[in-house]
Structure formats: structure tokens, C-alpha cells
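Raw contents of upload34.cif, mmCIF, N, CA and C atoms:
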data_query
loop_
_atom_site.label_atom_id
_atom_site.label_comp_id
_atom_site.auth_asym_id
_atom_site.auth_seq_id
_atom_site.Cartn_x
_atom_site.Cartn_y
_atom_site.Cartn_z
N LEU A 2 14.45 23.10 -13.19
CA LEU A 2 15.39 22.80 -12.14
C LEU A 2 16.69 22.23 -12.73
N LYS A 3 16.51 21.37 -13.71
CA LYS A 3 17.69 20.77 -14.35
C LYS A 3 18.52 21.84 -15.07
N ALA A 4 17.84 22.75 -15.74
CA ALA A 4 18.54 23.82 -16.46
C ALA A 4 19.27 24.73 -15.46
N GLU A 5 18.63 24.99 -14.33
CA GLU A 5 19.26 25.81 -13.30
C GLU A 5 20.52 25.14 -12.77
N CYS A 6 20.47 23.84 -12.56
CA CYS A 6 21.66 23.11 -12.11
C CYS A 6 22.76 23.16 -13.16
N ARG A 7 22.36 22.99 -14.41
CA ARG A 7 23.35 23.02 -15.49
C ARG A 7 24.05 24.38 -15.54
N GLU A 8 23.27 25.42 -15.30
CA GLU A 8 23.82 26.78 -15.37
C GLU A 8 24.72 27.12 -14.17
N HIS A 9 24.34 26.68 -12.99
CA HIS A 9 25.04 27.12 -11.78
C HIS A 9 26.00 26.10 -11.18
N CYS A 10 25.99 24.88 -11.65
CA CYS A 10 26.87 23.86 -11.10
C CYS A 10 28.25 24.00 -11.74
N ILE A 11 29.19 24.54 -10.98
CA ILE A 11 30.52 24.80 -11.54
C ILE A 11 31.61 24.01 -10.85
N GLU A 12 31.28 23.29 -9.78
CA GLU A 12 32.28 22.57 -9.00
C GLU A 12 32.90 21.38 -9.74
N PRO A 13 32.10 20.43 -10.24
CA PRO A 13 32.75 19.28 -10.89
C PRO A 13 33.33 19.68 -12.24
N ALA A 14 34.22 18.87 -12.70
CA ALA A 14 34.78 19.10 -14.03
C ALA A 14 33.63 19.11 -15.04
N PRO A 15 33.64 20.01 -16.01
CA PRO A 15 32.54 20.10 -16.98
C PRO A 15 32.22 18.77 -17.64
N SER A 16 33.21 17.93 -17.82
CA SER A 16 32.96 16.64 -18.47
C SER A 16 32.11 15.72 -17.59
N ARG A 17 32.10 15.95 -16.27
CA ARG A 17 31.32 15.11 -15.34
C ARG A 17 29.91 15.62 -15.11
N LEU A 18 29.59 16.83 -15.60
CA LEU A 18 28.28 17.42 -15.37
C LEU A 18 27.13 16.55 -15.92
N PRO A 19 27.21 16.00 -17.13
CA PRO A 19 26.12 15.15 -17.61
C PRO A 19 25.88 13.94 -16.70
N LEU A 20 26.94 13.34 -16.20
CA LEU A 20 26.80 12.21 -15.29
C LEU A 20 26.12 12.64 -13.99
N LEU A 21 26.52 13.78 -13.47
CA LEU A 21 25.93 14.32 -12.25
C LEU A 21 24.44 14.60 -12.45
N LEU A 22 24.10 15.25 -13.54
CA LEU A 22 22.69 15.56 -13.82
C LEU A 22 21.86 14.29 -14.00
N ALA A 23 22.44 13.30 -14.65
CA ALA A 23 21.73 12.04 -14.83
C ALA A 23 21.46 11.37 -13.48
N ARG A 24 22.45 11.38 -12.59
CA ARG A 24 22.28 10.77 -11.27
C ARG A 24 21.21 11.48 -10.45
N VAL A 25 21.16 12.81 -10.57
CA VAL A 25 20.21 13.59 -9.78
C VAL A 25 18.80 13.51 -10.36
N PHE A 26 18.65 13.61 -11.68
CA PHE A 26 17.33 13.76 -12.28
C PHE A 26 16.75 12.52 -12.95
N GLU A 27 17.58 11.54 -13.31
CA GLU A 27 17.06 10.43 -14.08
C GLU A 27 16.89 9.14 -13.28
N GLU A 28 17.64 8.97 -12.21
CA GLU A 28 17.49 7.74 -11.41
C GLU A 28 16.18 7.73 -10.66
N ALA A 29 15.71 8.89 -10.22
CA ALA A 29 14.45 9.02 -9.50
C ALA A 29 14.00 10.47 -9.61
N ALA A 30 12.72 10.69 -9.51
CA ALA A 30 12.20 12.06 -9.58
C ALA A 30 12.71 12.86 -8.38
N PRO A 31 13.05 14.12 -8.60
CA PRO A 31 13.48 14.94 -7.47
C PRO A 31 12.37 15.05 -6.42
N ILE A 32 12.75 15.15 -5.17
CA ILE A 32 11.79 15.29 -4.08
C ILE A 32 11.42 16.77 -3.96
N VAL A 33 10.15 17.05 -4.02
CA VAL A 33 9.68 18.43 -3.93
C VAL A 33 9.76 18.88 -2.47
N TRP A 34 10.35 20.04 -2.26
CA TRP A 34 10.46 20.59 -0.91
C TRP A 34 9.37 21.64 -0.73
N VAL A 35 8.47 21.41 0.21
CA VAL A 35 7.39 22.34 0.51
C VAL A 35 7.59 22.82 1.94
N ARG A 36 7.74 24.12 2.10
CA ARG A 36 7.99 24.68 3.44
C ARG A 36 6.67 24.96 4.13
N GLY A 37 6.15 24.00 4.76
CA GLY A 37 4.95 24.10 5.56
C GLY A 37 4.97 22.93 6.51
N ASN A 38 4.71 23.12 7.76
CA ASN A 38 4.94 22.15 8.81
C ASN A 38 4.76 20.69 8.38
N ASP A 39 3.54 20.24 8.14
CA ASP A 39 3.33 18.83 7.80
C ASP A 39 3.90 18.48 6.44
N PHE A 40 3.81 19.40 5.48
CA PHE A 40 4.34 19.13 4.15
C PHE A 40 5.86 19.03 4.19
N GLN A 41 6.48 19.87 5.00
CA GLN A 41 7.93 19.83 5.16
C GLN A 41 8.35 18.49 5.75
N LEU A 42 7.57 17.99 6.70
CA LEU A 42 7.86 16.70 7.31
C LEU A 42 7.78 15.57 6.28
N VAL A 43 6.81 15.66 5.38
CA VAL A 43 6.69 14.65 4.32
C VAL A 43 7.91 14.70 3.42
N SER A 44 8.37 15.89 3.08
CA SER A 44 9.57 16.03 2.26
C SER A 44 10.79 15.44 2.96
N LEU A 45 10.94 15.73 4.26
CA LEU A 45 12.06 15.19 5.02
C LEU A 45 12.00 13.66 5.10
N LYS A 46 10.80 13.12 5.29
CA LYS A 46 10.66 11.66 5.33
C LYS A 46 11.05 11.04 3.99
N ALA A 47 10.67 11.69 2.89
CA ALA A 47 11.02 11.17 1.56
C ALA A 47 12.52 11.20 1.35
N ILE A 48 13.18 12.27 1.81
CA ILE A 48 14.64 12.36 1.69
C ILE A 48 15.31 11.29 2.53
N ALA A 49 14.87 11.14 3.78
CA ALA A 49 15.46 10.13 4.67
C ALA A 49 15.25 8.73 4.11
N LEU A 50 14.06 8.45 3.60
CA LEU A 50 13.78 7.13 3.05
C LEU A 50 14.67 6.83 1.85
N ARG A 51 14.85 7.81 0.97
CA ARG A 51 15.70 7.60 -0.20
C ARG A 51 17.15 7.36 0.22
N MET A 52 17.60 8.13 1.20
CA MET A 52 18.98 7.95 1.68
C MET A 52 19.16 6.57 2.32
N LEU A 53 18.19 6.17 3.14
CA LEU A 53 18.28 4.86 3.80
C LEU A 53 18.29 3.73 2.79
N ARG A 54 17.46 3.84 1.75
CA ARG A 54 17.40 2.78 0.73
C ARG A 54 18.75 2.59 0.02
N HIS A 55 19.56 3.62 -0.02
CA HIS A 55 20.86 3.53 -0.66
C HIS A 55 21.99 3.17 0.30
N SER A 56 21.69 3.08 1.58
CA SER A 56 22.72 2.70 2.54
C SER A 56 23.00 1.21 2.41
N PRO A 57 24.21 0.77 2.72
CA PRO A 57 24.55 -0.65 2.56
C PRO A 57 23.62 -1.58 3.35
N TYR A 58 23.25 -1.20 4.57
CA TYR A 58 22.40 -2.07 5.39
C TYR A 58 21.05 -2.30 4.73
N TYR A 59 20.34 -1.20 4.37
CA TYR A 59 18.99 -1.35 3.81
C TYR A 59 18.99 -1.74 2.34
N ALA A 60 20.07 -1.50 1.63
CA ALA A 60 20.14 -1.94 0.23
C ALA A 60 20.04 -3.46 0.16
N SER A 61 20.57 -4.13 1.19
CA SER A 61 20.49 -5.60 1.21
C SER A 61 19.25 -6.09 1.96
N ARG A 62 18.47 -5.19 2.55
CA ARG A 62 17.25 -5.55 3.28
C ARG A 62 16.11 -4.59 2.92
N PRO A 63 15.74 -4.50 1.66
CA PRO A 63 14.73 -3.51 1.25
C PRO A 63 13.36 -3.73 1.88
N ALA A 64 13.04 -4.94 2.27
CA ALA A 64 11.73 -5.22 2.87
C ALA A 64 11.54 -4.46 4.19
N GLU A 65 12.64 -4.15 4.87
CA GLU A 65 12.54 -3.44 6.14
C GLU A 65 12.05 -2.01 5.96
N LEU A 66 12.15 -1.48 4.77
CA LEU A 66 11.70 -0.11 4.50
C LEU A 66 10.41 -0.08 3.68
N ALA A 67 9.81 -1.24 3.45
CA ALA A 67 8.61 -1.31 2.61
C ALA A 67 7.49 -0.44 3.16
N GLY A 68 7.40 -0.32 4.48
CA GLY A 68 6.36 0.49 5.09
C GLY A 68 6.72 1.95 5.25
N GLY A 69 7.88 2.36 4.74
CA GLY A 69 8.31 3.74 4.87
C GLY A 69 9.00 3.98 6.19
N VAL A 70 9.09 5.23 6.58
CA VAL A 70 9.72 5.60 7.84
C VAL A 70 8.69 6.34 8.69
N MET A 71 8.92 6.33 10.00
CA MET A 71 8.00 6.97 10.92
C MET A 71 8.72 8.05 11.71
N VAL A 72 8.03 9.14 11.93
CA VAL A 72 8.56 10.21 12.77
C VAL A 72 7.80 10.16 14.09
N PRO A 73 8.51 10.07 15.21
CA PRO A 73 7.82 10.01 16.52
C PRO A 73 6.88 11.21 16.71
N ARG A 74 5.75 10.95 17.36
CA ARG A 74 4.72 11.94 17.67
C ARG A 74 4.08 12.56 16.43
N HIS A 75 4.17 11.89 15.31
CA HIS A 75 3.52 12.36 14.10
C HIS A 75 2.53 11.28 13.67
N SER A 76 1.31 11.69 13.34
CA SER A 76 0.31 10.69 12.97
C SER A 76 0.74 9.95 11.71
N GLY A 77 0.48 8.67 11.69
CA GLY A 77 0.86 7.84 10.55
C GLY A 77 -0.34 7.50 9.71
N PRO A 78 -0.23 6.41 8.96
CA PRO A 78 -1.34 6.00 8.10
C PRO A 78 -2.58 5.67 8.92
N CYS A 79 -3.72 5.84 8.31
CA CYS A 79 -4.97 5.49 8.97
C CYS A 79 -5.74 4.55 8.05
N ALA A 80 -6.76 3.92 8.61
CA ALA A 80 -7.54 2.95 7.84
C ALA A 80 -9.02 3.15 8.13
N PHE A 81 -9.85 2.80 7.17
CA PHE A 81 -11.29 2.82 7.37
C PHE A 81 -11.69 1.54 8.08
N SER A 82 -12.58 1.67 9.06
CA SER A 82 -12.98 0.47 9.80
C SER A 82 -14.40 0.04 9.47
N GLY A 83 -15.02 0.65 8.54
CA GLY A 83 -16.38 0.26 8.17
C GLY A 83 -16.79 1.00 6.91
N PRO A 84 -18.08 1.02 6.63
CA PRO A 84 -18.53 1.71 5.41
C PRO A 84 -18.10 3.18 5.42
N VAL A 85 -17.66 3.66 4.28
CA VAL A 85 -17.20 5.03 4.17
C VAL A 85 -17.65 5.62 2.84
N THR A 86 -18.03 6.89 2.87
CA THR A 86 -18.34 7.63 1.66
C THR A 86 -17.28 8.70 1.50
N ILE A 87 -16.58 8.68 0.39
CA ILE A 87 -15.54 9.67 0.12
C ILE A 87 -16.13 10.70 -0.83
N LEU A 88 -16.20 11.95 -0.36
CA LEU A 88 -16.70 13.04 -1.19
C LEU A 88 -15.52 13.73 -1.87
N VAL A 89 -15.63 13.92 -3.18
CA VAL A 89 -14.58 14.59 -3.95
C VAL A 89 -15.19 15.70 -4.78
N CYS A 90 -14.39 16.69 -5.12
CA CYS A 90 -14.86 17.79 -5.97
C CYS A 90 -14.81 17.38 -7.43
N ARG A 91 -15.87 17.65 -8.14
CA ARG A 91 -15.94 17.32 -9.56
C ARG A 91 -14.82 18.00 -10.33
N ASP A 92 -14.44 19.22 -9.92
CA ASP A 92 -13.39 19.97 -10.62
C ASP A 92 -12.00 19.42 -10.35
N ASN A 93 -11.87 18.48 -9.45
CA ASN A 93 -10.57 17.92 -9.09
C ASN A 93 -10.42 16.52 -9.69
N GLU A 94 -10.92 16.35 -10.93
CA GLU A 94 -10.80 15.06 -11.60
C GLU A 94 -9.52 15.02 -12.40
N GLY A 95 -9.15 13.84 -12.82
CA GLY A 95 -7.97 13.69 -13.66
C GLY A 95 -7.28 12.38 -13.39
N ASP A 96 -5.96 12.41 -13.45
CA ASP A 96 -5.17 11.20 -13.30
C ASP A 96 -5.11 10.78 -11.83
N ASN A 97 -4.19 9.91 -11.51
CA ASN A 97 -4.07 9.39 -10.15
C ASN A 97 -3.57 10.43 -9.16
N GLU A 98 -3.15 11.59 -9.64
CA GLU A 98 -2.70 12.63 -8.74
C GLU A 98 -3.79 13.67 -8.51
N SER A 99 -5.03 13.24 -8.46
CA SER A 99 -6.16 14.11 -8.17
C SER A 99 -6.94 13.49 -7.03
N ALA A 100 -7.90 14.25 -6.48
CA ALA A 100 -8.72 13.71 -5.40
C ALA A 100 -9.48 12.47 -5.88
N VAL A 101 -10.00 12.51 -7.10
CA VAL A 101 -10.72 11.36 -7.64
C VAL A 101 -9.79 10.16 -7.79
N GLY A 102 -8.58 10.41 -8.29
CA GLY A 102 -7.60 9.33 -8.45
C GLY A 102 -7.21 8.72 -7.11
N ILE A 103 -7.02 9.57 -6.12
CA ILE A 103 -6.66 9.08 -4.79
C ILE A 103 -7.82 8.29 -4.19
N ALA A 104 -9.04 8.78 -4.35
CA ALA A 104 -10.21 8.06 -3.84
C ALA A 104 -10.32 6.68 -4.50
N ARG A 105 -10.07 6.62 -5.80
CA ARG A 105 -10.10 5.32 -6.50
C ARG A 105 -9.02 4.39 -5.96
N GLU A 106 -7.83 4.95 -5.66
CA GLU A 106 -6.75 4.13 -5.10
C GLU A 106 -7.15 3.60 -3.72
N LEU A 107 -7.83 4.42 -2.92
CA LEU A 107 -8.29 3.97 -1.60
C LEU A 107 -9.29 2.82 -1.75
N LYS A 108 -10.17 2.92 -2.74
CA LYS A 108 -11.14 1.85 -2.97
C LYS A 108 -10.44 0.59 -3.45
N THR A 109 -9.45 0.74 -4.32
CA THR A 109 -8.67 -0.41 -4.79
C THR A 109 -7.92 -1.06 -3.63
N ALA A 110 -7.34 -0.22 -2.77
CA ALA A 110 -6.62 -0.74 -1.60
C ALA A 110 -7.56 -1.53 -0.70
N ALA A 111 -8.78 -1.06 -0.53
CA ALA A 111 -9.76 -1.79 0.28
C ALA A 111 -10.11 -3.13 -0.37
N ARG A 112 -10.26 -3.12 -1.71
CA ARG A 112 -10.57 -4.36 -2.43
C ARG A 112 -9.46 -5.39 -2.26
N GLU A 113 -8.21 -4.90 -2.25
CA GLU A 113 -7.05 -5.79 -2.13
C GLU A 113 -6.65 -6.06 -0.69
N GLY A 114 -7.37 -5.45 0.27
CA GLY A 114 -7.07 -5.67 1.67
C GLY A 114 -5.85 -4.91 2.16
N ARG A 115 -5.48 -3.85 1.47
CA ARG A 115 -4.32 -3.05 1.88
C ARG A 115 -4.81 -1.79 2.59
N GLY A 116 -4.32 -1.56 3.80
CA GLY A 116 -4.54 -0.29 4.49
C GLY A 116 -5.96 0.00 4.90
N SER A 117 -6.82 -0.97 4.92
CA SER A 117 -8.19 -0.72 5.31
C SER A 117 -8.84 -2.02 5.76
N THR A 118 -9.70 -1.91 6.75
CA THR A 118 -10.46 -3.09 7.15
C THR A 118 -11.82 -3.09 6.47
N ALA A 119 -12.12 -2.02 5.74
CA ALA A 119 -13.37 -1.96 4.99
C ALA A 119 -13.20 -2.70 3.67
N SER A 120 -14.27 -3.30 3.19
CA SER A 120 -14.22 -3.96 1.89
C SER A 120 -14.47 -2.90 0.81
N ALA A 121 -14.15 -3.25 -0.43
CA ALA A 121 -14.34 -2.30 -1.53
C ALA A 121 -15.81 -1.92 -1.67
N GLU A 122 -16.70 -2.86 -1.37
CA GLU A 122 -18.14 -2.57 -1.47
C GLU A 122 -18.56 -1.54 -0.44
N ALA A 123 -17.79 -1.43 0.65
CA ALA A 123 -18.13 -0.49 1.72
C ALA A 123 -17.55 0.90 1.46
N VAL A 124 -16.82 1.06 0.37
CA VAL A 124 -16.23 2.37 0.03
C VAL A 124 -16.99 2.93 -1.17
N THR A 125 -17.61 4.09 -0.97
CA THR A 125 -18.37 4.75 -2.02
C THR A 125 -17.72 6.09 -2.32
N ILE A 126 -17.58 6.40 -3.60
CA ILE A 126 -17.02 7.68 -4.02
C ILE A 126 -18.16 8.49 -4.63
N ARG A 127 -18.36 9.72 -4.10
CA ARG A 127 -19.44 10.56 -4.61
C ARG A 127 -18.95 11.98 -4.84
N ASP A 128 -19.59 12.66 -5.77
CA ASP A 128 -19.31 14.06 -6.02
C ASP A 128 -19.84 14.87 -4.83
N ALA A 129 -18.98 15.70 -4.24
CA ALA A 129 -19.34 16.43 -3.03
C ALA A 129 -20.50 17.39 -3.26
N GLU A 130 -20.45 18.15 -4.34
CA GLU A 130 -21.50 19.14 -4.58
C GLU A 130 -22.85 18.46 -4.77
N GLU A 131 -22.87 17.40 -5.55
CA GLU A 131 -24.11 16.67 -5.78
C GLU A 131 -24.63 16.04 -4.49
N ALA A 132 -23.74 15.45 -3.71
CA ALA A 132 -24.15 14.77 -2.48
C ALA A 132 -24.64 15.74 -1.41
N LEU A 133 -24.06 16.93 -1.36
CA LEU A 133 -24.40 17.87 -0.30
C LEU A 133 -25.49 18.87 -0.69
N GLU A 134 -25.62 19.16 -1.99
CA GLU A 134 -26.58 20.18 -2.41
C GLU A 134 -27.62 19.66 -3.40
N GLY A 135 -27.42 18.45 -3.90
CA GLY A 135 -28.35 17.92 -4.90
C GLY A 135 -29.74 17.71 -4.33
N VAL A 136 -30.75 18.16 -5.06
CA VAL A 136 -32.13 18.05 -4.61
C VAL A 136 -32.54 16.58 -4.47
N ASN A 137 -32.13 15.75 -5.41
CA ASN A 137 -32.53 14.35 -5.40
C ASN A 137 -31.39 13.44 -4.93
N ALA A 138 -30.44 14.00 -4.20
CA ALA A 138 -29.27 13.21 -3.78
C ALA A 138 -29.68 12.16 -2.75
N ALA A 139 -29.09 10.99 -2.91
CA ALA A 139 -29.32 9.92 -1.93
C ALA A 139 -28.65 10.33 -0.62
N PRO A 140 -29.19 9.89 0.51
CA PRO A 140 -28.57 10.25 1.79
C PRO A 140 -27.16 9.67 1.91
N LEU A 141 -26.32 10.38 2.64
CA LEU A 141 -24.95 9.91 2.88
C LEU A 141 -24.99 8.78 3.89
N SER A 142 -24.07 7.83 3.74
CA SER A 142 -24.06 6.70 4.67
C SER A 142 -22.63 6.40 5.11
N GLY A 143 -22.51 5.69 6.24
CA GLY A 143 -21.21 5.31 6.76
C GLY A 143 -20.45 6.52 7.25
N HIS A 144 -19.14 6.37 7.38
CA HIS A 144 -18.27 7.49 7.73
C HIS A 144 -18.14 8.36 6.49
N VAL A 145 -18.44 9.63 6.62
CA VAL A 145 -18.34 10.52 5.46
C VAL A 145 -17.08 11.36 5.60
N VAL A 146 -16.24 11.31 4.56
CA VAL A 146 -15.01 12.10 4.55
C VAL A 146 -14.97 12.91 3.26
N PHE A 147 -14.37 14.09 3.36
CA PHE A 147 -14.20 14.94 2.20
C PHE A 147 -12.72 14.93 1.85
N LEU A 148 -12.39 14.50 0.66
CA LEU A 148 -11.00 14.41 0.23
C LEU A 148 -10.66 15.65 -0.60
N LEU A 149 -9.79 16.48 -0.04
CA LEU A 149 -9.36 17.69 -0.72
C LEU A 149 -7.91 17.51 -1.10
N TYR A 150 -7.62 17.61 -2.38
CA TYR A 150 -6.26 17.44 -2.87
C TYR A 150 -5.80 18.76 -3.44
N LEU A 151 -4.78 19.34 -2.84
CA LEU A 151 -4.28 20.64 -3.29
C LEU A 151 -3.05 20.48 -4.15
#
Take the structure from the file and write it as C-alpha cells.
Amino acid sequence: LKAECREHCIEPAPSRLPLLLARVFEEAAPIVWVRGNDFQLVSLKAIALRMLRHSPYYASRPAELAGGVMVPRHSGPCAFSGPVTILVCRDNEGDNESAVGIARELKTAAREGRGSTASAEAVTIRDAEEALEGVNAAPLSGHVVFLLYL
């Protein structure tokens, strides 16, 4: 994307191009635009939030945007209200940008009392295939959710 901008950006004086590229790509990661109803809405919210954070009003009041922005008639964050089992695919392991990483973050959030009324002990992470097809698998308990990360 950066190379494409370097190649096609002809408006500013050539001497200002490095400054422009630095402002666009180095101050914060570019926001990925995904054209699909809910995903598009997430992209728009990210753009609006970034713009608001740079406005004079919110630049001096960053705490007001700590919770993000809300779009009317769109579902917002949800929380677990009791014991929950999060099923994840074994093939979707890796860093924090995987289903397993997100499930671990949910458990950490519960431990720290963020975004959940369930305690960390009430959040269990299990391999979906083993839990659903395993011959000796322990029974599922609490609210069972399947976390699919695409």
C-alpha cells in the first residue's frame, strides 16, 4: 500500500512525499477497509474514532472516547454473565490475532473485571473438535460459545 501511494501520489511537491507517507503509515497502522455490512461498519467506526481523537475537543478529553464510538441500532459489546466455555479451532492457534488469542484475552478480561461479570475461573477455553467429537471428552458446561476468527 505504501509503495502504491509512493507511485501514484503526485499532488504534493515531491520533497513533501516522505513526510506525507510518514504521517499516513507510521503514526498509526492504516485502517483496513472491508466491504461487507458489519465489517464495513467496523471500518467506519475506526475511521470516525481516529478522526475524533485528533479533533481539538477530544484531543483535550481523551477519556470521553475510551469506550469507542457507538452506531445507533447496531449491537455493541456484550459480556458473559456466568460460566462460559469458549470453543476454538486447534488450527486457528497463534498470536493474539487468532481465535485462541482472542479467547485468552476474554479470559484475562474476566480475571481483571473488564467487560464480563464472569470470573476468570468461570471461563474455560477448549478445543472445539476435541470437545464435540472426542470419545473421552468431558461434558460441556455453562454457556457454550464457538469463537470463529476469520
Check your understanding: Which residues match the PyMOL selection byres (((chain A and resi 130 and name CA) around 9) and name CA) in the file above, as a PyMOL selection string?
Key -> chain A and resi 88-91+127-129+131-135
Check your understanding: Expressed in Å to a single decimal, how great is the separation between CA of Pro31 (chain A) and atom N of Ala111 (chain A)?
Key ->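 Atom N of Ala111 (chain A) lies at a distance of 28.3 Å from CA of Pro31 (chain A).
Coordinates place atom N of Ala110 (chain A) at a distance of 25.5 Å from atom N of Arg54 (chain A).
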Review point. Given the choices A:Ala60, A:Leu45, A:Ser16, A:Arg105, which gets closest to Val33 (chain A) if the distance is worked out from all atoms listed in the file?
Key: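 Checking each of A:Ala60, A:Leu45, A:Ser16, A:Arg105 against Val33 (chain A), counting all atoms listed in the file, the winner is A:Leu45.
In this structure, atom C of Glu113 (chain A) sits 23.9 Å away from CA of Leu149 (chain A).
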Point to revise | Residues near Leu2 (chain A), cut-off 10 Å, only C-alpha atoms, skip fewer than 3 positions along chain, as a PyMOL selection string | key: chain A and resi 5-8+26+31
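For region 9-148 of chain A, a DSSP pass over the backbone yields strand (DSSP E) at Val85, Thr86, Ile87, Leu88, Val89, Val124, Thr125, Ile126, Arg127, Asp128, His144, Val145, Val146 and Phe147 of chain A.
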For those residues, write N, CA and C atoms to a file as a PDB file, keeping the file's coordinate frame.
ATOM      1  N   VAL A  85     -17.660   3.660   4.280  1.00  0.00           N
ATOM      2  CA  VAL A  85     -17.200   5.030   4.170  1.00  0.00           C
ATOM      3  C   VAL A  85     -17.650   5.620   2.840  1.00  0.00           C
ATOM      4  N   THR A  86     -18.030   6.890   2.870  1.00  0.00           N
ATOM      5  CA  THR A  86     -18.340   7.630   1.660  1.00  0.00           C
ATOM      6  C   THR A  86     -17.280   8.700   1.500  1.00  0.00           C
ATOM      7  N   ILE A  87     -16.580   8.680   0.390  1.00  0.00           N
ATOM      8  CA  ILE A  87     -15.540   9.670   0.120  1.00  0.00           C
ATOM      9  C   ILE A  87     -16.130  10.700  -0.830  1.00  0.00           C
ATOM     10  N   LEU A  88     -16.200  11.950  -0.360  1.00  0.00           N
ATOM     11  CA  LEU A  88     -16.700  13.040  -1.190  1.00  0.00           C
ATOM     12  C   LEU A  88     -15.520  13.730  -1.870  1.00  0.00           C
ATOM     13  N   VAL A  89     -15.630  13.920  -3.180  1.00  0.00           N
ATOM     14  CA  VAL A  89     -14.580  14.590  -3.950  1.00  0.00           C
ATOM     15  C   VAL A  89     -15.190  15.700  -4.780  1.00  0.00           C
ATOM     16  N   VAL A 124     -16.820   1.060   0.370  1.00  0.00           N
ATOM     17  CA  VAL A 124     -16.230   2.370   0.030  1.00  0.00           C
ATOM     18  C   VAL A 124     -16.990   2.930  -1.170  1.00  0.00           C
ATOM     19  N   THR A 125     -17.610   4.090  -0.970  1.00  0.00           N
ATOM     20  CA  THR A 125     -18.370   4.750  -2.020  1.00  0.00           C
ATOM     21  C   THR A 125     -17.720   6.090  -2.320  1.00  0.00           C
ATOM     22  N   ILE A 126     -17.580   6.400  -3.600  1.00  0.00           N
ATOM     23  CA  ILE A 126     -17.020   7.680  -4.020  1.00  0.00           C
ATOM     24  C   ILE A 126     -18.160   8.490  -4.630  1.00  0.00           C
ATOM     25  N   ARG A 127     -18.360   9.720  -4.100  1.00  0.00           N
ATOM     26  CA  ARG A 127     -19.440  10.560  -4.610  1.00  0.00           C
ATOM     27  C   ARG A 127     -18.950  11.980  -4.840  1.00  0.00           C
ATOM     28  N   ASP A 128     -19.590  12.660  -5.770  1.00  0.00           N
ATOM     29  CA  ASP A 128     -19.310  14.060  -6.020  1.00  0.00           C
ATOM     30  C   ASP A 128     -19.840  14.870  -4.830  1.00  0.00           C
ATOM     31  N   HIS A 144     -19.140   6.370   7.380  1.00  0.00           N
ATOM     32  CA  HIS A 144     -18.270   7.490   7.730  1.00  0.00           C
ATOM     33  C   HIS A 144     -18.140   8.360   6.490  1.00  0.00           C
ATOM     34  N   VAL A 145     -18.440   9.630   6.620  1.00  0.00           N
ATOM     35  CA  VAL A 145     -18.340  10.520   5.460  1.00  0.00           C
ATOM     36  C   VAL A 145     -17.080  11.360   5.600  1.00  0.00           C
ATOM     37  N   VAL A 146     -16.240  11.310   4.560  1.00  0.00           N
ATOM     38  CA  VAL A 146     -15.010  12.100   4.550  1.00  0.00           C
ATOM     39  C   VAL A 146     -14.970  12.910   3.260  1.00  0.00           C
ATOM     40  N   PHE A 147     -14.370  14.090   3.360  1.00  0.00           N
ATOM     41  CA  PHE A 147     -14.200  14.940   2.200  1.00  0.00           C
ATOM     42  C   PHE A 147     -12.720  14.930   1.850  1.00  0.00           C
TER      43      PHE A 147
END
Exercise for review: Mind the document's chain letters and residue numbers, and return as a PyMOL selection string the residues of chain A that DSSP labels helix (DSSP H, G or I).
Suggested key: chain A and resi 3-9+15-26+38-54+57-60+63-66+91-93+100-112+121-123+129-134
Exercise for review: Pick out the residues sitting within 7 Å of Ile32 (chain A), and hand them over as a list in words; count all atoms listed in the file, and ignore anything fewer than 5 positions along from it in its own chain.
Suggested key: Ser44, Ala47 and Ile48 of chain A
